[in-house]
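Participant: If it helps, the file is called upload_8.cif and holds mmCIF, C-alpha atoms:
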data_structure
#
loop_
_atom_site.label_atom_id
_atom_site.label_comp_id
_atom_site.auth_asym_id
_atom_site.auth_seq_id
_atom_site.Cartn_x
_atom_site.Cartn_y
_atom_site.Cartn_z
CA MET A 1 0.00 0.00 0.00
CA LYS A 2 1.31 3.46 -0.88
CA PRO A 3 2.30 5.79 1.98
CA ALA A 4 -0.39 8.29 0.99
CA SER A 5 -3.04 5.57 1.16
CA ILE A 6 -1.83 4.47 4.58
CA ILE A 7 -2.03 8.03 5.92
CA PHE A 8 -5.53 8.45 4.51
CA ALA A 9 -6.68 5.18 6.09
CA ILE A 10 -5.29 6.19 9.49
CA ALA A 11 -7.01 9.56 9.24
CA CYS A 12 -10.35 7.89 8.48
CA ILE A 13 -9.98 5.58 11.47
CA GLY A 14 -9.16 8.52 13.72
CA PHE A 15 -12.15 10.50 12.47
CA SER A 16 -14.45 7.53 13.07
CA PHE A 17 -13.14 7.19 16.62
CA LEU A 18 -13.76 10.87 17.35
CA SER A 19 -17.27 10.58 15.95
CA MET A 20 -18.03 7.69 18.27
CA GLN A 21 -16.73 9.67 21.23
CA ALA A 22 -19.11 12.58 20.54
CA PHE A 23 -21.84 10.75 22.47
CA ALA A 24 -21.55 8.98 25.79
CA SER A 25 -22.25 5.26 25.80
CA PRO A 26 -25.87 4.62 24.74
CA ILE A 27 -28.29 3.87 27.54
CA THR A 28 -30.56 0.89 27.11
CA SER A 29 -33.43 -0.22 29.28
CA ASP A 30 -33.18 -3.39 31.36
CA THR A 31 -35.75 -5.72 32.85
CA SER A 32 -35.95 -3.89 36.16
CA ILE A 33 -39.10 -1.93 36.89
CA ILE A 34 -38.72 1.40 38.63
CA HIS A 35 -41.78 2.73 40.43
CA HIS A 36 -41.21 6.39 39.74
CA VAL A 37 -42.16 8.98 42.32
CA GLN A 38 -41.86 12.54 41.05
CA ASP A 39 -40.47 14.07 44.23
CA GLY A 40 -36.94 15.10 43.28
CA LYS A 41 -35.45 12.29 45.36
CA LEU A 42 -33.60 9.55 43.52
CA LEU A 43 -34.15 6.78 46.06
CA GLU A 44 -36.08 4.57 43.62
CA TRP A 45 -33.36 4.75 40.96
CA PRO A 46 -30.85 1.85 41.07
CA THR A 47 -27.30 3.12 41.42
CA GLU A 48 -26.14 1.00 38.48
CA LYS A 49 -28.41 2.89 36.08
CA PHE A 50 -26.39 6.09 36.47
CA THR A 51 -23.68 7.26 34.10
CA ALA A 52 -21.22 10.01 35.06
CA ASP A 53 -20.08 12.82 32.81
CA ASN A 54 -16.35 13.23 33.26
CA GLU A 55 -16.23 17.02 32.94
CA THR A 56 -19.17 18.18 35.02
CA LYS A 57 -19.29 15.11 37.30
CA ILE A 58 -23.06 15.07 36.81
CA LYS A 59 -24.53 11.59 37.10
CA TYR A 60 -27.61 10.86 35.03
CA ALA A 61 -30.06 8.06 34.32
CA ILE A 62 -32.93 7.64 31.86
CA ASP A 63 -36.00 5.42 31.92
CA ASN A 64 -39.51 5.29 30.49
CA ASP A 65 -42.81 3.53 30.98
CA ASN A 66 -45.83 3.57 28.69
CA ARG A 67 -46.69 7.16 29.61
CA ASN A 68 -43.60 9.16 30.46
CA LEU A 69 -39.91 9.61 29.81
CA TYR A 70 -37.98 9.99 33.08
CA ILE A 71 -34.58 11.61 33.46
CA ALA A 72 -32.70 11.79 36.75
CA MET A 73 -29.65 13.92 37.51
CA LEU A 74 -27.36 13.99 40.49
CA ILE A 75 -25.19 17.12 40.65
CA PRO A 76 -22.60 16.41 43.36
CA ASN A 77 -20.54 19.58 43.23
CA PHE A 78 -21.51 22.84 44.84
CA THR A 79 -19.80 25.06 42.28
CA THR A 80 -21.57 23.32 39.39
CA GLN A 81 -24.89 23.96 41.11
CA MET A 82 -24.07 27.63 41.61
CA LYS A 83 -23.07 27.98 37.99
CA MET A 84 -26.34 26.33 36.89
CA MET A 85 -28.40 28.74 38.94
CA ARG A 86 -26.50 31.75 37.64
CA THR A 87 -26.36 30.80 33.95
CA GLY A 88 -29.21 28.32 33.45
CA MET A 89 -29.11 24.68 32.37
CA THR A 90 -30.96 23.18 29.40
CA LEU A 91 -31.95 19.57 28.80
CA TYR A 92 -32.40 18.75 25.10
CA ILE A 93 -34.32 15.89 23.47
CA ASP A 94 -33.57 15.14 19.82
CA LEU A 95 -35.90 12.58 18.27
CA LYS A 96 -33.49 12.08 15.36
CA ALA A 97 -30.70 10.96 17.70
CA LYS A 98 -28.38 13.77 16.68
CA LYS A 99 -27.50 16.93 18.61
CA LYS A 100 -30.30 19.27 17.63
CA GLU A 101 -31.26 21.87 20.22
CA GLY A 102 -34.73 22.73 18.97
CA ARG A 103 -36.61 20.93 21.77
CA GLY A 104 -35.77 21.22 25.42
CA ILE A 105 -36.38 22.18 29.02
CA GLU A 106 -34.48 24.95 30.75
CA PHE A 107 -34.03 24.35 34.46
CA PRO A 108 -32.71 26.21 36.29
CA VAL A 109 -33.93 29.13 34.21
CA LYS A 110 -31.30 31.81 33.76
CA PRO A 111 -32.36 34.85 35.81
CA ASP A 112 -33.17 38.05 33.98
CA LYS A 113 -30.50 40.70 34.29
CA GLY A 114 -30.62 42.17 37.75
CA GLN A 115 -32.92 39.43 39.06
CA GLY A 116 -30.34 36.85 40.06
CA PHE A 117 -29.04 35.99 43.48
CA SER A 118 -26.73 38.74 44.71
CA SER A 119 -23.57 38.03 46.64
CA THR A 120 -24.82 40.47 49.27
CA GLU A 121 -27.62 37.99 50.05
CA ALA A 122 -25.15 35.25 50.93
CA PRO A 123 -24.77 34.34 54.60
CA ARG A 124 -21.57 35.71 56.06
CA PRO A 125 -18.99 33.34 57.53
CA VAL A 126 -19.17 32.97 61.29
CA ARG A 127 -15.82 33.28 63.05
CA ASN A 128 -14.92 33.25 66.71
CA ASP A 129 -12.31 35.71 68.00
CA GLY A 130 -10.52 35.86 64.68
CA GLU A 131 -10.00 32.09 64.50
CA GLU A 132 -10.10 30.27 61.20
CA GLN A 133 -13.57 29.25 60.20
CA SER A 134 -14.06 25.54 60.83
CA SER A 135 -14.69 23.30 57.85
CA SER A 136 -18.10 22.29 59.20
CA ARG A 137 -19.14 25.92 59.66
CA ARG A 138 -17.84 26.85 56.23
CA GLU A 139 -19.77 23.98 54.70
CA ALA A 140 -22.94 25.03 56.53
CA ASN A 141 -22.55 28.58 55.22
CA PHE A 142 -22.15 27.42 51.64
CA LEU A 143 -25.17 25.13 51.91
CA MET A 144 -27.24 27.95 53.38
CA MET A 145 -26.30 30.21 50.50
CA ARG A 146 -27.08 27.50 47.93
CA ASN A 147 -30.45 26.76 49.48
CA SER A 148 -31.37 30.45 49.68
CA MET A 149 -30.49 30.79 46.02
CA ALA A 150 -32.62 27.73 45.18
CA ILE A 151 -35.68 29.06 47.01
CA LYS A 152 -35.47 32.29 45.04
CA GLN A 153 -34.76 30.85 41.60
CA LEU A 154 -35.86 27.21 41.26
CA ASN A 155 -39.58 27.87 40.89
CA THR A 156 -40.17 27.65 37.14
CA ILE A 157 -39.09 25.83 34.00
CA LYS A 158 -38.96 27.06 30.42
CA ILE A 159 -40.02 24.61 27.70
CA PHE A 160 -39.63 24.95 23.95
CA GLY A 161 -40.03 22.81 20.84
CA PHE A 162 -42.83 20.61 22.16
CA GLY A 163 -45.74 22.47 20.62
CA GLU A 164 -47.08 25.80 19.48
CA ASN A 165 -46.83 29.10 21.34
CA GLU A 166 -43.47 28.24 22.85
CA PRO A 167 -41.20 28.94 24.62
CA VAL A 168 -43.37 28.89 27.71
CA GLN A 169 -42.26 29.51 31.26
CA GLN A 170 -44.37 27.66 33.81
CA VAL A 171 -44.30 26.33 37.36
CA LEU A 172 -42.62 23.02 38.08
CA ASP A 173 -45.70 20.81 38.43
CA VAL A 174 -48.34 21.51 35.77
CA PRO A 175 -50.72 18.51 35.41
CA GLY A 176 -50.50 16.90 31.98
CA SER A 177 -47.34 18.80 31.09
CA ILE A 178 -43.62 18.43 31.70
CA ARG A 179 -42.85 18.30 35.40
CA VAL A 180 -39.59 18.87 37.22
CA ALA A 181 -38.82 18.18 40.87
CA TYR A 182 -35.60 18.69 42.78
CA LYS A 183 -34.05 18.08 46.17
CA CYS A 184 -31.73 20.65 47.64
CA ASP A 185 -31.43 20.58 51.41
CA THR A 186 -28.82 19.55 53.96
CA THR A 187 -26.40 17.69 51.70
CA GLU A 188 -24.02 19.04 49.12
CA ALA A 189 -25.54 17.07 46.23
CA MET A 190 -28.54 18.36 44.28
CA GLU A 191 -30.99 15.88 42.75
CA ILE A 192 -33.31 16.62 39.81
CA GLU A 193 -36.06 14.53 38.21
CA TYR A 194 -37.71 15.29 34.87
CA CYS A 195 -41.04 13.70 33.90
CA ILE A 196 -41.89 14.21 30.21
CA PRO A 197 -45.16 12.83 28.79
CA LEU A 198 -44.43 10.65 25.76
CA SER A 199 -47.48 12.19 24.10
CA LEU A 200 -45.45 15.40 23.73
CA LEU A 201 -42.84 13.50 21.71
CA GLY A 202 -45.11 11.81 19.18
CA ASP A 203 -47.48 8.88 18.75
CA ALA A 204 -46.84 5.70 20.73
CA ALA A 205 -46.31 3.47 17.69
CA GLY A 206 -43.63 5.75 16.32
CA LEU A 207 -41.79 5.97 19.64
CA HIS A 208 -41.55 2.25 20.41
CA GLU A 209 -37.91 1.13 20.14
CA LYS A 210 -37.00 4.56 18.81
CA LEU A 211 -33.44 5.78 19.33
CA ILE A 212 -33.30 9.35 20.60
CA SER A 213 -30.53 11.56 21.94
CA ILE A 214 -30.59 13.56 25.15
CA GLY A 215 -28.20 16.39 25.90
CA CYS A 216 -27.47 18.64 28.82
CA LYS A 217 -25.88 22.09 28.57
CA ILE A 218 -24.77 24.36 31.39
CA HIS A 219 -24.49 27.77 29.83
CA ALA A 220 -21.42 29.97 30.02
CA MET A 221 -21.06 32.43 32.85
CA GLU A 222 -20.64 36.12 32.21
CA MET A 223 -17.93 37.55 34.41
CA ARG A 224 -19.10 40.41 36.58
CA SER A 225 -17.32 42.65 39.02
CA GLY A 226 -17.08 40.97 42.39
CA ASP A 227 -17.35 37.39 41.12
CA PHE A 228 -14.93 34.80 42.46
CA GLN A 229 -14.44 36.72 45.67
CA GLY A 230 -14.83 35.24 49.10
CA GLY A 231 -18.05 37.12 49.81
CA SER A 232 -19.78 35.71 46.74
CA GLY A 233 -19.27 32.14 47.80
CA MET A 234 -17.80 31.38 44.38
CA GLY A 235 -14.13 31.62 45.21
CA ASP A 236 -13.42 27.93 45.64
CA ARG A 237 -12.92 25.16 43.17
CA GLY A 238 -15.08 22.31 44.50
CA MET A 239 -15.27 20.61 41.09
CA ARG A 240 -14.22 17.19 42.33
CA SER A 241 -16.64 14.34 42.63
CA GLY A 242 -17.86 13.24 46.03
CA GLY A 243 -16.98 9.76 47.21
CA ARG A 244 -20.47 8.25 47.07
CA SER A 245 -22.62 7.86 44.02
CA MET A 246 -25.73 9.20 45.72
CA GLY A 247 -24.36 12.31 47.36
CA GLY A 248 -21.02 11.96 49.12
CA ARG A 249 -19.78 15.02 50.93
CA GLY A 250 -16.11 14.62 50.08
CA GLY A 251 -16.28 17.01 47.13
CA MET A 252 -16.99 20.08 49.24
CA ARG A 253 -14.46 19.37 51.95
CA SER A 254 -11.64 18.52 49.57
CA GLY A 255 -12.36 21.20 47.00
CA MET A 256 -13.57 24.25 48.87
CA GLY A 257 -10.10 25.18 50.02
CA ASN A 258 -8.76 25.49 46.48
CA ARG A 259 -9.00 28.34 44.02
CA MET A 260 -11.89 27.93 41.59
CA ASP A 261 -11.06 27.01 38.03
CA ARG A 262 -12.29 30.18 36.39
CA GLU A 263 -12.03 28.73 32.92
CA SER A 264 -14.51 25.94 33.68
CA MET A 265 -16.93 28.44 35.19
CA MET A 266 -16.73 30.78 32.23
CA LYS A 267 -17.13 28.22 29.48
CA GLU A 268 -20.17 26.33 28.26
CA GLN A 269 -20.28 22.68 29.37
CA SER A 270 -22.37 19.98 27.73
CA PHE A 271 -22.73 16.25 27.21
CA TRP A 272 -24.95 14.00 25.10
CA THR A 273 -26.10 10.40 25.24
CA LYS A 274 -28.48 8.15 23.32
CA TYR A 275 -31.46 6.23 24.62
CA THR A 276 -33.86 3.69 23.15
CA VAL A 277 -37.51 4.17 24.10
CA ILE A 278 -39.32 0.90 24.80
CA ASP A 279 -42.87 -0.15 25.69
CA ALA A 280 -44.31 3.16 24.53
CA GLY A 281 -48.08 2.94 24.58
CA ASN A 282 -48.12 -0.69 25.78
#
Could you write out this file's structure as C-alpha cells?

Facilitator:
Amino acid sequence: MKPASIIFAIACIGFSFLSMQAFASPITSDTSIIHHVQDGKLLEWPTEKFTADNETKIKYAIDNDNRNLYIAMLIPNFTTQMKMMRTGMTLYIDLKAKKKEGRGIEFPVKPDKGQGFSSTEAPRPVRNDGEEQSSSRREANFLMMRNSMAIKQLNTIKIFGFGENEPVQQVLDVPGSIRVAYKCDTTEAMEIEYCIPLSLLGDAAGLHEKLISIGCKIHAMEMRSGDFQGGSGMGDRGMRSGGRSMGGRGGMRSGMGNRMDRESMMKEQSFWTKYTVIDAGN
C-alpha cells in the first residue's frame, strides 16, 4: 500500500473514533421496573443505572414507561450547582438521535438581568475571635447560600419545541405537562427529576424502540465585578466528585479550600447520550 493511502486510512480511522466519542455510551433499558415517584429524590433509581459525565461530574439516568420519559440527575458539586443557577441549564431531546437543540427544558432558568441571586444575600462566615472558620461551619454557610439561592430561583421551568406558542415559562408541576422536581437541602448534592409525557414527543407506535438523543448544557457564565471573591461564595474550586454515588460530601471538603477554576466556570459545558424508548403505549 502506498504511503499516501496508509495516511488516509489512518485519518479515516481517527475521524471515526472521534465521531463515536461525541456521544456517551448509549443507555438501554433493562428488565428492572422502577416505580417512579416525582419528588426530586432519587431513592427509587438503582445506582447502576447512572452514568457520570467526566467534565461536570453530573450523574444521570434515563427510563420510560408507557406514559412518560424519566430523566434523573445527580449534581454532586456545589460550584456546578451555583453555575447552573446563575447561567441556566438546558436539557435537550432530539428525536433524530443527533445533537439538535430545537426541543428542550431549561431548568434552572437563567435569571433576567438584575434578578439573580446577589452576593450580598449570601450568609456571612461565622468566626470566633478571629479564628479560622471551621470546615463544618464553612460547609454550613455554603449550603445555606445555595439553598437560599434555590428558594429564590428554582420555581419555574422554560419549555420549547414541544408544541405551538413556545417557549413557555411555567411552574414546576403543571398537570399533563412536563414536570420537574428537585431536592436541595442539607447535603451538598442536588438531585433533579424530569417527567416528560411521551405524548409530547409523538405517537406511541412511532416511539416504540426509537433511538433518541438527550443532551445537557450548562451555559457559560458572564464575568461580573465581584465574582470569584470570598463574599460571593464562588471563590473555591469544589469541582471534584464526592466519594459516594448518591451524594457523598467529600467534594466540598476537599475542593472548597482550592481556588476555583475560572475557565470551567466561564465556558459552556455539555454532554450528550443516546437512549432507546421501549414499551411506549403498551

Participant: For A:Cys216, which residue among A:Trp272, A:Arg146, A:Glu101, A:Ala280 is the nearest when counting only C-alpha atoms?

Facilitator: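 Among the listed residues, the smallest separation from A:Cys216 belongs to A:Trp272.
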
Participant: Give me the residues near stretch 175-189 of chain A as a PyMOL selection string, where near means some atom within 7 Å (using all atoms listed in the file) and where sequence neighbours in that chain fewer than 6 positions away do not count.

Facilitator: chain A and resi 38-41+74-78+143+147+195-197+247+249

Participant: Mind listing as a PyMOL selection string all residues within 8 Å of (-25.5, 4.6, 39.7), counting only C-alpha atoms?

Facilitator: chain A and resi 45-51+59+61+245-246

Participant: Find the residue from A:Arg103, A:Arg67, A:His208, A:Arg137 that sits nearest to A:Glu164; use all atoms listed in the file when measuring.

Facilitator: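 Checking each of A:Arg103, A:Arg67, A:His208, A:Arg137 against A:Glu164, counting all atoms listed in the file, the winner is A:Arg103.
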
Participant: Please expand the PyMOL selection byres ((chain A and resi 160) around 10) into the concrete residues it hits in this file, giving the result as a count of residues only.

Facilitator: 18

Participant: Please list as a list in words every residue within 7 Å of A:Gly88, counting all atoms listed in the file and excluding residues in the same chain fewer than 5 positions away.

Facilitator: Glu106, Phe107, Pro108, Val109, Lys110, Ile218 and His219 of chain A

Participant: One number please: atom CA of A:Leu198 to atom CA of A:Ile34, in Å, one decimal.

Facilitator: 16.8 Å

Participant: Which residue, A:Ser213, A:Ser199, A:Gln153, A:Asn66, has the smallest gap to A:Thr87 when you use all atoms listed in the file?

Facilitator: A:Gln153

Participant: Could you list, as a compact mmCIF listing (two decimals) with C-alpha atoms, in the coordinates of the input, every residue within 8 Å of A:Val171, counting all atoms listed in the file and ignoring same-chain residues fewer than 6 positions away?

Facilitator:
# COMPACT_ATOMS: atom_id res chain seq x y z
CA ASN A 155 -39.58 27.87 40.89
CA THR A 156 -40.17 27.65 37.14
CA ILE A 157 -39.09 25.83 34.00

Participant: Applied to the shown file, which residues does the PyMOL selection byres ((chain A and resi 205) around 10) return, written as a JSON list (two decimals) with C-alpha atoms, keeping the file's coordinate frame?

Facilitator:
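Output file part.json is given in full below:
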[["chain", "number", "residue", "atom", "x", "y", "z"],
["A", 202, "GLY", "CA", -45.11, 11.81, 19.18],
["A", 203, "ASP", "CA", -47.48, 8.88, 18.75],
["A", 204, "ALA", "CA", -46.84, 5.70, 20.73],
["A", 206, "GLY", "CA", -43.63, 5.75, 16.32],
["A", 207, "LEU", "CA", -41.79, 5.97, 19.64],
["A", 208, "HIS", "CA", -41.55, 2.25, 20.41],
["A", 209, "GLU", "CA", -37.91, 1.13, 20.14],
["A", 210, "LYS", "CA", -37.00, 4.56, 18.81],
["A", 279, "ASP", "CA", -42.87, -0.15, 25.69],
["A", 280, "ALA", "CA", -44.31, 3.16, 24.53],
["A", 281, "GLY", "CA", -48.08, 2.94, 24.58],
["A", 282, "ASN", "CA", -48.12, -0.69, 25.78]]

Participant: What is the atom CA of A:Ala150-atom CA of A:Tyr275 distance in Å, reported with one decimal?

Facilitator: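 Separation between atom CA of A:Ala150 and atom CA of A:Tyr275: 29.8 Å.
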
Participant: Could you check how far atom CA of A:Met266 sits from atom CA of A:Met221, in Å to one decimal?

Facilitator: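 So the answer is 4.7 Å.
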
Participant: Applied to the shown file, which residues does the PyMOL selection byres ((chain A and resi 98) around 12) return, written as a PDB file with C-alpha atoms, in the frame of the given file?

Facilitator:
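Okay, this is what ended up in result-v4.pdb:
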ATOM      1  CA  SER A  19     -17.270  10.580  15.950  1.00  0.00           C
ATOM      2  CA  ALA A  22     -19.110  12.580  20.540  1.00  0.00           C
ATOM      3  CA  PHE A  23     -21.840  10.750  22.470  1.00  0.00           C
ATOM      4  CA  TYR A  92     -32.400  18.750  25.100  1.00  0.00           C
ATOM      5  CA  ILE A  93     -34.320  15.890  23.470  1.00  0.00           C
ATOM      6  CA  ASP A  94     -33.570  15.140  19.820  1.00  0.00           C
ATOM      7  CA  LEU A  95     -35.900  12.580  18.270  1.00  0.00           C
ATOM      8  CA  LYS A  96     -33.490  12.080  15.360  1.00  0.00           C
ATOM      9  CA  ALA A  97     -30.700  10.960  17.700  1.00  0.00           C
ATOM     10  CA  LYS A  99     -27.500  16.930  18.610  1.00  0.00           C
ATOM     11  CA  LYS A 100     -30.300  19.270  17.630  1.00  0.00           C
ATOM     12  CA  GLU A 101     -31.260  21.870  20.220  1.00  0.00           C
ATOM     13  CA  GLY A 102     -34.730  22.730  18.970  1.00  0.00           C
ATOM     14  CA  LEU A 211     -33.440   5.780  19.330  1.00  0.00           C
ATOM     15  CA  ILE A 212     -33.300   9.350  20.600  1.00  0.00           C
ATOM     16  CA  SER A 213     -30.530  11.560  21.940  1.00  0.00           C
ATOM     17  CA  ILE A 214     -30.590  13.560  25.150  1.00  0.00           C
ATOM     18  CA  GLY A 215     -28.200  16.390  25.900  1.00  0.00           C
ATOM     19  CA  TRP A 272     -24.950  14.000  25.100  1.00  0.00           C
ATOM     20  CA  THR A 273     -26.100  10.400  25.240  1.00  0.00           C
ATOM     21  CA  LYS A 274     -28.480   8.150  23.320  1.00  0.00           C
ATOM     22  CA  TYR A 275     -31.460   6.230  24.620  1.00  0.00           C
TER      23      TYR A 275
END

Participant: Using all atoms listed in the file, pick whichever of A:Asp173, A:Glu222, A:Glu268, A:Glu44 has the shortest atom-to-atom distance to A:Met89.

Facilitator: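 Nearest candidate to A:Met89 out of A:Asp173, A:Glu222, A:Glu268, A:Glu44: A:Glu268.
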
Participant: Which of these, A:Phe142, A:Asp53, A:His36, A:Leu172, has the shortest distance to A:Ala24 once you count all atoms listed in the file?

Facilitator: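 Ranked by minimum distance to A:Ala24, first place goes to A:Asp53.
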
Participant: My list of candidates is A:Met265, A:Ser136, A:Gln170, A:Leu200. Which is closest to A:Met82 when distances are computed with only C-alpha atoms?

Facilitator: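 Of A:Met265, A:Ser136, A:Gln170, A:Leu200, the one nearest A:Met82, counting only C-alpha atoms, is A:Met265.
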
Participant: Would you mind putting N, CA and C atoms back on stretch 201-218 of chain A and writing the result as a short mmCIF file (atom, residue, chain, number, x, y, z; two decimals), keeping the file's coordinate frame?

Facilitator:
data_model
loop_
_atom_site.label_atom_id
_atom_site.label_comp_id
_atom_site.auth_asym_id
_atom_site.auth_seq_id
_atom_site.Cartn_x
_atom_site.Cartn_y
_atom_site.Cartn_z
N LEU A 201 -43.93 13.87 22.62
CA LEU A 201 -42.84 13.50 21.71
C LEU A 201 -43.32 12.81 20.44
N GLY A 202 -44.59 12.46 20.39
CA GLY A 202 -45.11 11.81 19.18
C GLY A 202 -46.07 10.69 19.54
N ASP A 203 -46.54 9.97 18.51
CA ASP A 203 -47.48 8.88 18.75
C ASP A 203 -46.73 7.67 19.29
N ALA A 204 -47.46 6.84 20.04
CA ALA A 204 -46.84 5.70 20.73
C ALA A 204 -46.18 4.73 19.76
N ALA A 205 -46.85 4.44 18.65
CA ALA A 205 -46.31 3.47 17.69
C ALA A 205 -44.97 3.94 17.13
N GLY A 206 -44.87 5.23 16.89
CA GLY A 206 -43.63 5.75 16.32
C GLY A 206 -42.49 5.85 17.32
N LEU A 207 -42.82 5.84 18.62
CA LEU A 207 -41.79 5.97 19.64
C LEU A 207 -41.24 4.63 20.10
N HIS A 208 -41.99 3.55 19.91
CA HIS A 208 -41.55 2.25 20.41
C HIS A 208 -40.24 1.83 19.75
N GLU A 209 -39.26 1.53 20.57
CA GLU A 209 -37.91 1.13 20.14
C GLU A 209 -37.24 2.21 19.28
N LYS A 210 -37.60 3.44 19.54
CA LYS A 210 -37.00 4.56 18.81
C LYS A 210 -35.74 5.04 19.53
N LEU A 211 -34.68 5.25 18.78
CA LEU A 211 -33.44 5.78 19.33
C LEU A 211 -33.49 7.30 19.32
N ILE A 212 -33.30 7.90 20.48
CA ILE A 212 -33.30 9.35 20.60
C ILE A 212 -31.99 9.78 21.26
N SER A 213 -31.70 11.05 21.22
CA SER A 213 -30.53 11.56 21.94
C SER A 213 -30.98 12.61 22.95
N ILE A 214 -30.28 12.64 24.06
CA ILE A 214 -30.59 13.56 25.15
C ILE A 214 -29.30 14.28 25.53
N GLY A 215 -29.38 15.59 25.57
CA GLY A 215 -28.20 16.39 25.90
C GLY A 215 -28.46 17.31 27.06
N CYS A 216 -27.39 17.71 27.70
CA CYS A 216 -27.47 18.64 28.82
C CYS A 216 -26.42 19.72 28.61
N LYS A 217 -26.81 20.97 28.75
CA LYS A 217 -25.88 22.09 28.57
C LYS A 217 -25.99 23.05 29.75
N ILE A 218 -24.86 23.30 30.39
CA ILE A 218 -24.77 24.36 31.39
C ILE A 218 -24.17 25.56 30.69
#
